[in-house]
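This report refers to the structure that appears directly beneath it.
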Amino acid sequence: MDGQSTLHDGCDRRNGTSHRSVRRRNTWAYVMVGPYLVSVTLFFVVPFILAVPVSLTNWSIIGRPSFVGLDNYIRLFNDSSVLQALWNTVRYVLMQVPSLMVIGLGLALLLNTRLKGRTLARVVVVMPYVVNVVVMGIIWRWMFDPNFGIINHYLRRLGLSGSWWLTDTSTSMLSIVIANWWWSAGFNTVVYLAGLQGIPRELYEAAAVDGATGWVAFRHVTLPCLRPVTFYVLLMDTITSFQLFGEPFVMTQGGPLGSTTTLTYKIYNSAFIELKLGYASAISVLFLAVISALVLLQSRVVKSGID
């Protein structure tokens, strides 16, 4: 009996120690996550909750808001500038997301090989991603300058005519897409590289026994194993592309002729330039509805393929 009581006492003490250590870990976890949760709540959750009632008012930030009901929503569906901003945003997403995924996967495949100087190459690829968007915009605005930009300089040396990249409606959005390839490809590369390194070598060895090498192995082994990673990259690229603001703000100011004005840029202009906070909130609600619908549709379609 004494032995059993001693055993139970030891188990109780171990359990007590275990419970205390779990509580201690949980406490530290909340302490570490707390600042992030507070910032998300203050700058994302609360503004979203307030945007819905504000969208039903006519308010210029100064003074008291006046209730107008659904007038702002009726107005935005008849506002050609909002519809153009929506189309510009969708056009940018269609241009940016597929190309950026292909570039990220291609760089990841290259950096996953036994390449000499592979570590330095990985640093070079990821380095632009840590650059501030304002710095990136200034750099590429200079590079796209029609008179002194380095891009037109080398095009002329190749015997080609330069382009008015940022001031031509046919190339302004493409210029932003190209700048974002340089800036954002590092994120996709890192995610895809982690996915590639998580594929068991045994799968490639088994495929090689069956005669599947090169493109066949890539199609039947690599791509299927990367489906969860591809879904994550597709989701994140879509969300971030819809939030495009800093690049047109710095590089084109939404021009020329509104060809690079996105929904987020239109929200900024309506709220802080035109001082129409109620109207800007209505556009924000529309923006959230559009991106939520697309992400849910995308999740359902792509995830069904993964399953």
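Naming scheme: A, B, ... for chains in displayed order of the structure tokens; residues 1 onward per chain; ligands 1 onward as shown.
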
Exercise: Met251 of chain A partners within 7 Å, only C-alpha atoms, chain neighbours under 6 positions left out, as a ChimeraX atom specification: /A:137-138,141

Could you pull out the strand (DSSP E or B) residues of segment 47-185 of chain A, going by DSSP on the backbone, and write them as number ranges by chain? A: 57-60, 62-67

Contact check, segment 137-248 of chain A to segment 296-301 of chain A, at most 10 Å, counting only C-alpha atoms, closest pairs as JSON lines:
{"residue": "A:Phe231", "atom": "CA", "partner": "A:Ser299", "partner_atom": "CA", "distance": 7.8}
{"residue": "A:Tyr232", "atom": "CA", "partner": "A:Ser299", "partner_atom": "CA", "distance": 9.4}
{"residue": "A:Leu234", "atom": "CA", "partner": "A:Gln298", "partner_atom": "CA", "distance": 8.6}
{"residue": "A:Leu235", "atom": "CA", "partner": "A:Ser299", "partner_atom": "CA", "distance": 7.6}
{"residue": "A:Thr238", "atom": "CA", "partner": "A:Gln298", "partner_atom": "CA", "distance": 9.4}

Atom pair atom CA of Thr27 of chain A / atom CA of Pro47 of chain A: separation (Å):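 Those two atoms sit 28.3 Å apart.
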
Which is closer to Val135 of chain A than all the others in A:Val97, A:Val250, A:Leu203, A:Leu174, using only C-alpha atoms? A:Val250
